[in-house]
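Have a look at the structure below, then the notes.
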Amino acid sequence: MKTIKKIIGVASGKGGVGKSTVAVNLALALAQKGIAVGLLDADIYGPSQPVMLHTLGSKPALQEGKLEPVLAHGLKSMSIGYLIDETAAMMWRGPMLGKALQQLLSDTNWGDLDYLIVDLPPGTGDVQLTLCQKIPVNGMVIVTTPQDLALADVRRACEMFQKLNVPVLGVVENMSHYQCPQCGHEEAIFGTGGAKKLAEDYGLTLLGSLPLAIQIREMTDSGKPPVVAAPESAYAHAFNDIAIKVANQLAAQPKDYSKLFPKIVVEKK
């Protein structure tokens, strides 16, 4: 990917933990800092980014054999949701999913990007394997909720990325507590400390915690996520802190200078 400097996956291994919400707000937070960012919705069965970006119904233009990404809030985005009817069911087998991901990535005219955020589907299947084995991923952001049921699946995702030698940049704990919109009372309805324990077990960074708040849901469903709709809110600040930590984790990765040196071959005569 010659025009893309860094590729970051956002994964969970578990559905319903708010992974797509984290992905879109992470991408928007980075874009607001003047960074060139793209967002690839890799959830072929259930694309949600067109709703979150208020781009549902948009059709990418085709120019010189490449799809032009859809622009929203300073972000370049691509999703299978732009190419099919919004009510269509994607009844594809596994190998077709991997091929679709590669085409969405390589057949899109991303231009020069500092970061490409890839919103992965739940599970540890074909899409995840395709991304990790055939595309140079610089790191994964893991999203979980505190309860044991979610953590069990998230641990499987961490194990998969370790076996595939894909760096995990850190863990985001979503729905860490419920925040009452009337009185502000906080209740840890899904338990506490789950993401912290996961991060400790795998030697990862806890990137941040996000509340279960109706405002986040309302803003995201309306196509204006908190980072855009309420940039001074506590929710936006939380996403911005996560974005900064992700960027710092990437900057701290060791650099590969091997391509700068000539290849020396010693032959015995």
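Identifiers for the structure tokens are assigned positionally: chains receive A, B, ... in sequence, residues are indexed from 1 per chain, and ligands are indexed from 1 in the order shown.
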
Query raised in the report: Which residues come within 7 Å of region 185-198 of chain A, counting only C-alpha atoms, excluding same-chain residues fewer than 4 positions away, as number ranges by chain?
Result: A: 144, 146-147, 171, 173, 176-180, 202, 206

Selection above as a file: C-alpha atoms, as a compact mmCIF listing (two decimals), in the first residue's frame:
```
# COMPACT_ATOMS: atom_id res chain seq x y z
CA THR A 144 -14.21 -4.95 24.83
CA PRO A 146 -16.04 -5.39 31.17
CA GLN A 147 -18.15 -8.54 31.56
CA VAL A 171 -7.38 -2.16 24.73
CA GLU A 173 -13.03 -0.62 27.49
CA SER A 176 -17.39 0.66 31.39
CA HIS A 177 -20.27 2.15 33.39
CA TYR A 178 -23.79 3.45 32.85
CA GLN A 179 -24.19 7.18 33.23
CA CYS A 180 -27.69 8.41 34.07
CA TYR A 202 -1.32 -9.79 27.63
CA LEU A 206 -5.27 0.25 28.48
```

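Near Asp107 (chain A), within a cut-off of 6 Å and counting only C-alpha atoms, sit the residues A:Lys66, A:Gln103, A:Leu104, with same-chain residues fewer than 3 positions away left out.
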
Please identify which residues in region 76-120 of chain A DSSP calls strand (DSSP E or B) from the backbone, and express them as a compact mmCIF listing (two decimals) with N, CA and C atoms, in the first residue's frame.
```txt
# COMPACT_ATOMS: atom_id res chain seq x y z
N LYS A 76 -12.11 10.15 4.58
CA LYS A 76 -12.37 9.34 3.41
C LYS A 76 -12.87 7.97 3.87
N SER A 77 -13.99 7.52 3.33
CA SER A 77 -14.54 6.25 3.78
C SER A 77 -14.95 5.37 2.62
N MET A 78 -14.91 4.05 2.86
CA MET A 78 -15.37 3.08 1.88
C MET A 78 -16.03 1.93 2.63
N SER A 79 -17.17 1.48 2.09
CA SER A 79 -17.94 0.42 2.73
C SER A 79 -18.72 -0.34 1.68
N THR A 108 -9.87 1.12 -4.21
CA THR A 108 -10.30 2.45 -3.79
C THR A 108 -9.15 3.42 -3.94
N LEU A 113 -2.48 8.77 2.50
CA LEU A 113 -3.06 8.69 3.84
C LEU A 113 -1.97 8.47 4.88
N ASP A 114 -2.13 9.14 6.01
CA ASP A 114 -1.25 8.85 7.15
C ASP A 114 -1.74 7.59 7.87
N TYR A 115 -3.07 7.47 8.02
CA TYR A 115 -3.66 6.31 8.69
C TYR A 115 -4.87 5.82 7.91
N LEU A 116 -4.99 4.51 7.83
CA LEU A 116 -6.22 3.88 7.37
C LEU A 116 -6.75 3.04 8.51
N ILE A 117 -7.94 3.39 9.01
CA ILE A 117 -8.58 2.65 10.08
C ILE A 117 -9.50 1.60 9.45
N VAL A 118 -9.34 0.35 9.85
CA VAL A 118 -10.16 -0.74 9.31
C VAL A 118 -11.08 -1.25 10.41
N ASP A 119 -12.38 -1.06 10.22
CA ASP A 119 -13.39 -1.51 11.17
C ASP A 119 -13.72 -2.96 10.85
```

Close residues, Ala29 (chain A) itself excluded, 7 Å, only C-alpha atoms, min 6 positions apart in chain, as a tab-separated table (two decimals) with N, CA and C atoms, in the first residue's frame:
```tsv
chain	number	residue	atom	x	y	z
A	227	VAL	N	-17.24	13.15	18.53
A	227	VAL	CA	-16.05	13.93	18.18
A	227	VAL	C	-16.41	15.09	17.27
A	239	PHE	N	-12.39	10.08	23.45
A	239	PHE	CA	-11.97	9.53	22.16
A	239	PHE	C	-10.66	10.16	21.70
A	240	ASN	N	-10.50	11.46	21.96
A	240	ASN	CA	-9.26	12.13	21.56
A	240	ASN	C	-8.06	11.59	22.33
A	243	ALA	N	-7.12	8.37	20.75
A	243	ALA	CA	-6.44	8.59	19.47
A	243	ALA	C	-4.98	8.96	19.68
```

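Distance-wise, CA of Lys14 (chain A) and CA of Ile35 (chain A) end up 29.4 Å apart.
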
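With only C-alpha atoms as the basis for measurement, A:Ala23 is the residue among A:Ala236, A:Ala36, A:Ala23, A:Val70 that approaches Ser48 (chain A) most closely.
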
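Among the candidates A:Leu151, A:Ala252, A:Ala234, A:Leu75, the one nearest to Val37 (chain A) when counting only C-alpha atoms is A:Leu75.
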
Report task. Per DSSP on the backbone, filter region 61-191 of chain A down to the residues in helix (DSSP H, G or I) and report them as an MDAnalysis selection string. Result -> chainID A and resid 80:82 94:106 126:134 148:163

For the residues in that selection, give me C-alpha atoms as a PDB file, in the first residue's frame.
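Dumped everything to again02.pdb:
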```
ATOM      1  CA  ILE A  80     -19.821  -2.384   1.020  1.00  0.00           C
ATOM      2  CA  GLY A  81     -22.846  -0.449   2.253  1.00  0.00           C
ATOM      3  CA  TYR A  82     -22.194   2.106  -0.501  1.00  0.00           C
ATOM      4  CA  GLY A  94     -16.036 -17.172   3.642  1.00  0.00           C
ATOM      5  CA  PRO A  95     -13.615 -16.957   0.664  1.00  0.00           C
ATOM      6  CA  MET A  96     -15.804 -14.287  -0.956  1.00  0.00           C
ATOM      7  CA  LEU A  97     -15.491 -12.127   2.160  1.00  0.00           C
ATOM      8  CA  GLY A  98     -11.708 -12.101   2.003  1.00  0.00           C
ATOM      9  CA  LYS A  99     -11.772 -11.252  -1.694  1.00  0.00           C
ATOM     10  CA  ALA A 100     -14.282  -8.456  -1.106  1.00  0.00           C
ATOM     11  CA  LEU A 101     -12.050  -6.939   1.588  1.00  0.00           C
ATOM     12  CA  GLN A 102      -9.020  -6.965  -0.707  1.00  0.00           C
ATOM     13  CA  GLN A 103     -11.015  -5.312  -3.492  1.00  0.00           C
ATOM     14  CA  LEU A 104     -12.449  -2.615  -1.234  1.00  0.00           C
ATOM     15  CA  LEU A 105      -8.938  -1.831  -0.074  1.00  0.00           C
ATOM     16  CA  SER A 106      -7.000  -2.032  -3.332  1.00  0.00           C
ATOM     17  CA  ASP A 126     -11.807 -15.055   6.996  1.00  0.00           C
ATOM     18  CA  VAL A 127     -11.846 -11.253   7.042  1.00  0.00           C
ATOM     19  CA  GLN A 128      -9.441 -11.055   9.981  1.00  0.00           C
ATOM     20  CA  LEU A 129      -7.128 -13.670   8.453  1.00  0.00           C
ATOM     21  CA  THR A 130      -7.108 -11.907   5.077  1.00  0.00           C
ATOM     22  CA  LEU A 131      -6.289  -8.567   6.668  1.00  0.00           C
ATOM     23  CA  CYS A 132      -3.473  -9.953   8.808  1.00  0.00           C
ATOM     24  CA  GLN A 133      -1.907 -12.304   6.262  1.00  0.00           C
ATOM     25  CA  LYS A 134      -2.166 -10.355   3.005  1.00  0.00           C
ATOM     26  CA  ASP A 148     -16.653 -12.024  31.425  1.00  0.00           C
ATOM     27  CA  LEU A 149     -18.827 -13.129  28.491  1.00  0.00           C
ATOM     28  CA  ALA A 150     -17.305 -10.504  26.202  1.00  0.00           C
ATOM     29  CA  LEU A 151     -13.788 -10.968  27.556  1.00  0.00           C
ATOM     30  CA  ALA A 152     -13.821 -14.675  26.715  1.00  0.00           C
ATOM     31  CA  ASP A 153     -14.232 -13.903  22.993  1.00  0.00           C
ATOM     32  CA  VAL A 154     -11.858 -10.947  23.099  1.00  0.00           C
ATOM     33  CA  ARG A 155      -9.134 -13.158  24.541  1.00  0.00           C
ATOM     34  CA  ARG A 156      -9.483 -15.441  21.522  1.00  0.00           C
ATOM     35  CA  ALA A 157      -8.946 -12.420  19.264  1.00  0.00           C
ATOM     36  CA  CYS A 158      -5.808 -11.458  21.202  1.00  0.00           C
ATOM     37  CA  GLU A 159      -4.507 -15.014  20.850  1.00  0.00           C
ATOM     38  CA  MET A 160      -5.150 -14.943  17.100  1.00  0.00           C
ATOM     39  CA  PHE A 161      -3.285 -11.672  16.574  1.00  0.00           C
ATOM     40  CA  GLN A 162      -0.356 -12.949  18.620  1.00  0.00           C
ATOM     41  CA  LYS A 163      -0.121 -16.098  16.485  1.00  0.00           C
TER      42      LYS A 163
END
```

**Report entry** Residue among A:Pro167, A:Gly46, A:Pro254, A:Gly184 lying closest to Thr205 (chain A), counting only C-alpha atoms
**Finding:** A:Pro167
